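Worksheet: the structure to be examined is printed underneath.
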Amino acid sequence: MIDTHSHINTILELNTDEILENAKRNGIEKVIVPAACKSDFDDIMKLIDKYENVYGMLGIHPSEAKDWDDSIIDKIREYSKNKKIVGIGEIGLDYYWDKSFNELQKEIFIKQIKLANSLNLPIDIHDREAHKDTFDIVKKYNKNSTIIMHCFSGSVEFAKECIKEGWYLGIGGVVTFKNAIKMKDVVKNVPIEKIILETDAPYLTPVPYRGKENQPAYVKFVAEEIAKIKNITINDVKNITTQNAERIFNI
Ligand code: NI
């Protein structure tokens with residue numbers, strides 16, 4: 001399996017060797033680490049140099065939009081010469097925490113979509129309570145990048161709209177929560193060929209470790225829950241979602 005979205009550089013309780021050993025022991029062979037802010041970039045470059053099965057994505061998270069300056073574009077361009085930078089992310093819109101700079105969020109989202117297009121890299125999208133604007137901006141500006149809706153949180157209808165555009169959904173620990181009825185319904189109604197697995201570690205820890213710090217090893221609980229919901233074998237979930245991720249990120 002592949003944990004396609006894991007901030008392992010910010011996990012506190014374990015060191016990177018321990019994180020990756022736990023992952024391997026639980027069948028997670030590869031981990032992709034997204035950036036949220038500028039200061040993540042060098043952490044990620046070090047991780048992908050040191051660990052053969054770790055890959056990176058670069059970008060500025062919408063909540064960090066005030067961190068943006070245009071020199072970041074050159075930095076991402078330069079760092080993306082490394083073939084282990086496999087995507088632009090996490091980028092997008094977040095209207096949940098702070099609505100005071102929505103316009104700035106949109107502006108840097110569009111700049112980063114264009115950057116991803118010019119680098120021909122997939123885009124890992126953060127969309128929190130901003131479904132319509134996210135959808136409209138991606139539809140308008142994205143030309144050639146594969147789109148992943150990381151930590152998908154919309155309705156079945158919205159999921160179907162995204163699938164119709166050829167986009168993928170990143171599914172993580174939330175799907176294991178008892179009260180996540182909408183999420184379970186989305187998984188039931190979306191073909192497994194359009195799903196990739198993720199943790200968003202150290203956040204959103206799945207049951208049975210909810211409340212503790214998340215880590216890539218826990219992707220297995222997400223896979224088990226998806227198998228249960230879709231009434232297919234765990235092996236099918238593992239194989240198909242792994243193939244999806246390998247194809248999308250070219251790893
Ligand atoms: Ni994240």
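We label chains A, B, ... in the order they appear in the structure tokens, count residues from 1 in each chain, and number ligands from 1 in the order shown.
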Kindly provide the residues of chain A that approach ligand 1 to within 7 Å, each paired with its closest atom pair and their distance in Å to one decimal, based on only C-alpha atoms and all ligand atoms, listed by chain and increasing number, as JSON lines.
```
{"residue": "A:His5", "atom": "CA", "partner": "ligand 1", "partner_atom_place_in_ligand_line": "1 (Ni)", "distance": 6.4}
{"residue": "A:Ser6", "atom": "CA", "partner": "ligand 1", "partner_atom_place_in_ligand_line": "1 (Ni)", "distance": 6.7}
{"residue": "A:His7", "atom": "CA", "partner": "ligand 1", "partner_atom_place_in_ligand_line": "1 (Ni)", "distance": 6.5}
{"residue": "A:Pro34", "atom": "CA", "partner": "ligand 1", "partner_atom_place_in_ligand_line": "1 (Ni)", "distance": 6.8}
{"residue": "A:Glu90", "atom": "CA", "partner": "ligand 1", "partner_atom_place_in_ligand_line": "1 (Ni)", "distance": 6.5}
{"residue": "A:Asp200", "atom": "CA", "partner": "ligand 1", "partner_atom_place_in_ligand_line": "1 (Ni)", "distance": 4.8}
```
Just C-alpha atoms for this one: save the residues we selected as a PDB file, in the first residue's frame.
```pdb
ATOM      1  CA  HIS A   5      -0.455  12.041   1.991  1.00  0.00           C
ATOM      2  CA  SER A   6       1.498  11.900   5.215  1.00  0.00           C
ATOM      3  CA  HIS A   7       3.218  14.768   7.024  1.00  0.00           C
ATOM      4  CA  PRO A  34       3.193  16.853   1.146  1.00  0.00           C
ATOM      5  CA  GLU A  90      -1.102  20.402  -0.599  1.00  0.00           C
ATOM      6  CA  ASP A 200      -2.831  12.878   6.629  1.00  0.00           C
TER       7      ASP A 200
END
```
If we count only C-alpha atoms, what is near region 113-126 of chain A at a cut-off of 9 Å, once residues fewer than 2 positions away on the same chain are taken out, given as a compact mmCIF listing (two decimals) with N, CA, C and O atoms, in the first residue's frame?
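And here's selection-v6.txt as it stands now:
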```txt
# COMPACT_ATOMS: atom_id res chain seq x y z
N HIS A 5 -0.43 10.70 1.41
CA HIS A 5 -0.46 12.04 1.99
C HIS A 5 -0.16 11.92 3.47
O HIS A 5 -1.05 11.59 4.26
N PRO A 34 3.55 15.54 1.71
CA PRO A 34 3.19 16.85 1.15
C PRO A 34 3.80 17.98 1.98
O PRO A 34 4.09 17.80 3.16
N MET A 57 5.94 16.08 -2.15
CA MET A 57 5.15 17.04 -2.93
C MET A 57 5.47 18.42 -2.34
O MET A 57 5.71 18.55 -1.14
N HIS A 61 -0.01 25.44 1.51
CA HIS A 61 -1.37 25.16 2.01
C HIS A 61 -2.16 26.48 2.08
O HIS A 61 -1.60 27.52 2.43
N PRO A 62 -3.46 26.43 1.77
CA PRO A 62 -4.24 27.68 1.79
C PRO A 62 -4.19 28.43 3.13
O PRO A 62 -4.19 29.67 3.14
N ILE A 73 7.77 29.98 -6.42
CA ILE A 73 7.62 29.31 -7.72
C ILE A 73 8.98 28.82 -8.23
O ILE A 73 9.10 27.67 -8.66
N ILE A 76 10.21 25.86 -6.09
CA ILE A 76 9.55 24.59 -6.42
C ILE A 76 10.06 24.06 -7.75
O ILE A 76 10.33 22.87 -7.90
N ARG A 77 10.23 24.96 -8.72
CA ARG A 77 10.76 24.56 -10.02
C ARG A 77 12.13 23.89 -9.88
O ARG A 77 12.38 22.85 -10.47
N SER A 80 11.93 20.56 -7.99
CA SER A 80 11.21 19.53 -8.73
C SER A 80 12.06 18.87 -9.81
O SER A 80 11.61 17.91 -10.45
N ILE A 85 10.23 14.28 -6.37
CA ILE A 85 9.12 15.22 -6.16
C ILE A 85 8.06 14.83 -7.17
O ILE A 85 8.24 14.99 -8.38
N VAL A 86 6.95 14.28 -6.66
CA VAL A 86 5.98 13.63 -7.54
C VAL A 86 4.64 14.36 -7.62
O VAL A 86 3.69 13.85 -8.23
N GLY A 87 4.54 15.54 -7.00
CA GLY A 87 3.28 16.25 -7.08
C GLY A 87 3.40 17.65 -6.50
O GLY A 87 4.41 18.00 -5.87
N ILE A 88 2.36 18.45 -6.75
CA ILE A 88 2.25 19.78 -6.14
C ILE A 88 1.15 19.69 -5.09
O ILE A 88 0.01 19.33 -5.38
N GLY A 89 1.50 19.98 -3.84
CA GLY A 89 0.51 19.87 -2.77
C GLY A 89 1.13 20.12 -1.40
O GLY A 89 2.36 20.13 -1.29
N GLU A 90 0.31 20.35 -0.37
CA GLU A 90 -1.10 20.40 -0.60
C GLU A 90 -1.51 21.85 -0.83
O GLU A 90 -1.12 22.73 -0.08
N ILE A 91 -2.31 22.04 -1.85
CA ILE A 91 -2.75 23.38 -2.23
C ILE A 91 -4.27 23.38 -2.35
O ILE A 91 -4.87 22.32 -2.51
N GLY A 92 -4.87 24.55 -2.28
CA GLY A 92 -6.33 24.57 -2.41
C GLY A 92 -6.95 25.72 -1.66
O GLY A 92 -6.38 26.82 -1.59
N LEU A 93 -8.12 25.43 -1.08
CA LEU A 93 -8.88 26.47 -0.38
C LEU A 93 -9.38 25.92 0.96
O LEU A 93 -9.82 24.77 1.03
N ASP A 94 -9.31 26.76 1.98
CA ASP A 94 -9.79 26.37 3.30
C ASP A 94 -10.58 27.53 3.89
O ASP A 94 -10.01 28.52 4.32
N ILE A 108 -3.17 32.31 -4.90
CA ILE A 108 -1.99 31.43 -4.87
C ILE A 108 -2.35 30.00 -5.29
O ILE A 108 -1.51 29.26 -5.79
N PHE A 109 -3.60 29.63 -5.12
CA PHE A 109 -4.06 28.33 -5.63
C PHE A 109 -3.91 28.30 -7.15
O PHE A 109 -3.32 27.37 -7.73
N ILE A 110 -4.38 29.35 -7.81
CA ILE A 110 -4.31 29.41 -9.28
C ILE A 110 -2.85 29.42 -9.75
O ILE A 110 -2.49 28.70 -10.69
N LYS A 111 -2.02 30.20 -9.07
CA LYS A 111 -0.59 30.23 -9.45
C LYS A 111 0.03 28.84 -9.35
O LYS A 111 0.83 28.44 -10.20
N ARG A 128 -11.45 22.48 2.12
CA ARG A 128 -12.26 22.40 3.34
C ARG A 128 -13.31 23.48 3.32
O ARG A 128 -13.01 24.68 3.30
N THR A 134 -13.44 25.56 -5.15
CA THR A 134 -12.35 24.64 -5.52
C THR A 134 -12.65 24.02 -6.88
O THR A 134 -11.81 24.02 -7.78
N VAL A 138 -10.44 24.74 -10.33
CA VAL A 138 -9.69 23.65 -10.97
C VAL A 138 -10.19 23.44 -12.39
O VAL A 138 -9.42 23.31 -13.34
N TYR A 141 -8.86 26.44 -14.56
CA TYR A 141 -7.43 26.69 -14.76
C TYR A 141 -6.59 25.45 -15.04
O TYR A 141 -5.54 25.55 -15.66
N ASN A 142 -7.02 24.28 -14.57
CA ASN A 142 -6.17 23.11 -14.76
C ASN A 142 -6.25 22.61 -16.20
O ASN A 142 -7.34 22.39 -16.72
N LYS A 143 -5.08 22.44 -16.82
CA LYS A 143 -5.07 21.94 -18.20
C LYS A 143 -4.69 20.45 -18.25
O LYS A 143 -5.39 19.67 -18.87
N ASN A 144 -3.60 20.08 -17.61
CA ASN A 144 -3.06 18.75 -17.86
C ASN A 144 -2.64 17.96 -16.62
O ASN A 144 -2.14 16.85 -16.75
N SER A 145 -2.85 18.50 -15.42
CA SER A 145 -2.42 17.77 -14.23
C SER A 145 -3.53 16.84 -13.74
O SER A 145 -4.70 17.21 -13.77
N THR A 146 -3.13 15.66 -13.27
CA THR A 146 -4.08 14.77 -12.61
C THR A 146 -4.46 15.38 -11.26
O THR A 146 -3.60 15.89 -10.54
N ILE A 147 -5.75 15.32 -10.94
CA ILE A 147 -6.25 15.96 -9.72
C ILE A 147 -6.61 14.91 -8.67
O ILE A 147 -7.33 13.95 -8.96
N ILE A 148 -6.11 15.14 -7.46
CA ILE A 148 -6.51 14.31 -6.32
C ILE A 148 -7.19 15.22 -5.30
O ILE A 148 -6.62 16.22 -4.88
N MET A 149 -8.41 14.86 -4.91
CA MET A 149 -9.09 15.59 -3.84
C MET A 149 -8.69 14.90 -2.54
O MET A 149 -9.28 13.89 -2.13
N HIS A 150 -7.64 15.45 -1.93
CA HIS A 150 -7.09 14.87 -0.70
C HIS A 150 -8.11 15.02 0.44
O HIS A 150 -8.78 16.04 0.54
N CYS A 151 -8.21 13.98 1.28
CA CYS A 151 -9.12 13.99 2.42
C CYS A 151 -10.51 14.45 1.98
O CYS A 151 -11.07 15.38 2.55
N PHE A 152 -11.03 13.80 0.97
CA PHE A 152 -12.31 14.21 0.40
C PHE A 152 -13.37 14.32 1.49
O PHE A 152 -13.52 13.43 2.33
N GLY A 170 -8.75 11.08 -2.37
CA GLY A 170 -7.89 10.55 -1.32
C GLY A 170 -8.75 10.26 -0.10
O GLY A 170 -9.45 11.14 0.39
N ILE A 248 -0.76 7.48 -10.91
CA ILE A 248 -0.94 8.91 -10.77
C ILE A 248 0.40 9.61 -10.52
O ILE A 248 0.71 10.63 -11.15
N PHE A 249 1.19 9.07 -9.60
CA PHE A 249 2.43 9.75 -9.20
C PHE A 249 3.66 9.25 -9.96
O PHE A 249 4.76 9.70 -9.71
```
request  = Taking the chain letters and numbering used in this document, name the residues of region 107-229 of chain A that DSSP puts in strand (DSSP E), as JSON, numbers by chain.
outcome  = {"A": [123, 124, 125, 126, 127, 128, 147, 148, 149, 150, 168, 169, 170, 171, 195, 196, 197]}
Would you save the residues from that selection as a short mmCIF file (atom, residue, chain, number, x, y, z; two decimals), in the first residue's frame, using N, CA and C atoms?
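So out-v9.cif came out as:
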```
data_model
loop_
_atom_site.label_atom_id
_atom_site.label_comp_id
_atom_site.auth_asym_id
_atom_site.auth_seq_id
_atom_site.Cartn_x
_atom_site.Cartn_y
_atom_site.Cartn_z
N ILE A 123 -1.75 17.21 -8.89
CA ILE A 123 -2.05 18.21 -7.85
C ILE A 123 -2.84 17.56 -6.72
N ASP A 124 -2.34 17.72 -5.50
CA ASP A 124 -3.00 17.17 -4.32
C ASP A 124 -3.74 18.32 -3.64
N ILE A 125 -5.07 18.25 -3.68
CA ILE A 125 -5.88 19.41 -3.31
C ILE A 125 -6.47 19.31 -1.91
N HIS A 126 -6.31 20.40 -1.17
CA HIS A 126 -6.95 20.56 0.13
C HIS A 126 -8.19 21.42 -0.08
N ASP A 127 -9.36 20.87 0.20
CA ASP A 127 -10.62 21.60 0.04
C ASP A 127 -11.42 21.43 1.32
N ARG A 128 -11.45 22.48 2.12
CA ARG A 128 -12.26 22.40 3.34
C ARG A 128 -13.31 23.48 3.32
N ILE A 147 -5.75 15.32 -10.94
CA ILE A 147 -6.25 15.96 -9.72
C ILE A 147 -6.61 14.91 -8.67
N ILE A 148 -6.11 15.14 -7.46
CA ILE A 148 -6.51 14.31 -6.32
C ILE A 148 -7.19 15.22 -5.30
N MET A 149 -8.41 14.86 -4.91
CA MET A 149 -9.09 15.59 -3.84
C MET A 149 -8.69 14.90 -2.54
N HIS A 150 -7.64 15.45 -1.93
CA HIS A 150 -7.09 14.87 -0.70
C HIS A 150 -8.11 15.02 0.44
N TYR A 168 -9.39 12.04 -8.81
CA TYR A 168 -9.32 10.95 -7.83
C TYR A 168 -9.66 11.47 -6.44
N LEU A 169 -10.08 10.55 -5.56
CA LEU A 169 -10.36 10.92 -4.18
C LEU A 169 -9.34 10.27 -3.26
N GLY A 170 -8.75 11.08 -2.37
CA GLY A 170 -7.89 10.55 -1.32
C GLY A 170 -8.75 10.26 -0.10
N ILE A 171 -8.71 9.00 0.36
CA ILE A 171 -9.55 8.59 1.49
C ILE A 171 -8.64 8.21 2.67
N ILE A 195 -10.00 5.70 -6.19
CA ILE A 195 -9.65 5.98 -4.79
C ILE A 195 -8.16 5.72 -4.54
N ILE A 196 -7.52 6.61 -3.78
CA ILE A 196 -6.19 6.30 -3.25
C ILE A 196 -6.22 6.46 -1.73
N LEU A 197 -5.31 5.76 -1.06
CA LEU A 197 -5.29 5.74 0.40
C LEU A 197 -4.33 6.80 0.94
#
```
message = Need the shell around Ile2 (chain A): protein/DNA/RNA residues with any atom at most 9 Å away, counting only C-alpha atoms. Skip same-chain ones fewer than 3 positions apart. Format as a count of residues only?
response = 17
request  = Extract, using only C-alpha atoms, all DNA, RNA and protein residues at most 12 Å from Lys46 (chain A), discarding same-chain residues fewer than 6 positions from it, and format them as a list in words.
outcome  = Asn9, Thr16, Val33, Asp40, Glu52, Val54, Tyr55, Gly56, Tyr79, Asn82, Lys84 and Ile85 of chain A
Counting only C-alpha atoms, the residue of A:Ala201, A:Ile48, A:Val175, A:Leu104 that sits nearest Ile19 (chain A) = A:Ala201
Separation of CA of Gly173 (chain A) from CA of Pro191 (chain A), in Å and rounded to one decimal =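 So the answer is 18.5 Å.
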query = Tell me, which residues of region 30-171 of chain A carry DSSP alpha helix (DSSP H), written as a count of residues only?
reply = 58
ask   = Do you have the CA of Gln105 (chain A)-CA of Trp68 (chain A) distance handy?
value =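 Distance reported for this atom pair: 9.6 Å.
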Between CA of Ile163 (chain A) and CA of Asn244 (chain A), distance in Å (one decimal) =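 Straight-line distance from CA of Ile163 (chain A) to CA of Asn244 (chain A) works out to 13.7 Å.
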For Gln243 (chain A): contacts at 10 Å, only C-alpha atoms, fewer than 6 positions along chain excluded, given as a compact mmCIF listing (two decimals) with N, CA, C and O atoms, in the first residue's frame:
```txt
# COMPACT_ATOMS: atom_id res chain seq x y z
N MET A 1 0.84 -1.21 0.00
CA MET A 1 0.00 0.00 0.00
C MET A 1 0.87 1.25 0.00
O MET A 1 2.04 1.19 0.37
N ILE A 2 0.27 2.34 -0.39
CA ILE A 2 0.99 3.62 -0.40
C ILE A 2 0.20 4.64 0.42
O ILE A 2 -1.00 4.82 0.20
N GLU A 193 -11.37 2.12 -8.39
CA GLU A 193 -10.37 2.60 -9.37
C GLU A 193 -10.13 4.11 -9.26
O GLU A 193 -9.20 4.64 -9.86
N ILE A 196 -7.52 6.61 -3.78
CA ILE A 196 -6.19 6.30 -3.25
C ILE A 196 -6.22 6.46 -1.73
O ILE A 196 -7.07 7.18 -1.19
N VAL A 237 -8.63 -4.06 -2.43
CA VAL A 237 -8.44 -2.65 -2.04
C VAL A 237 -6.95 -2.30 -2.11
O VAL A 237 -6.57 -1.28 -2.68
N ASN A 250 3.43 8.25 -10.84
CA ASN A 250 4.52 7.70 -11.64
C ASN A 250 5.66 7.19 -10.75
O ASN A 250 6.82 7.53 -10.93
N ILE A 251 5.28 6.38 -9.76
CA ILE A 251 6.30 5.82 -8.85
C ILE A 251 6.22 4.29 -8.85
O ILE A 251 5.20 3.73 -9.19
```
message = Residues within 8 Å of Met183 (chain A), please, as number ranges by chain. Count only C-alpha atoms; anything in the same chain fewer than 5 positions from it doesn't count.
response = A: 153-155, 174-175
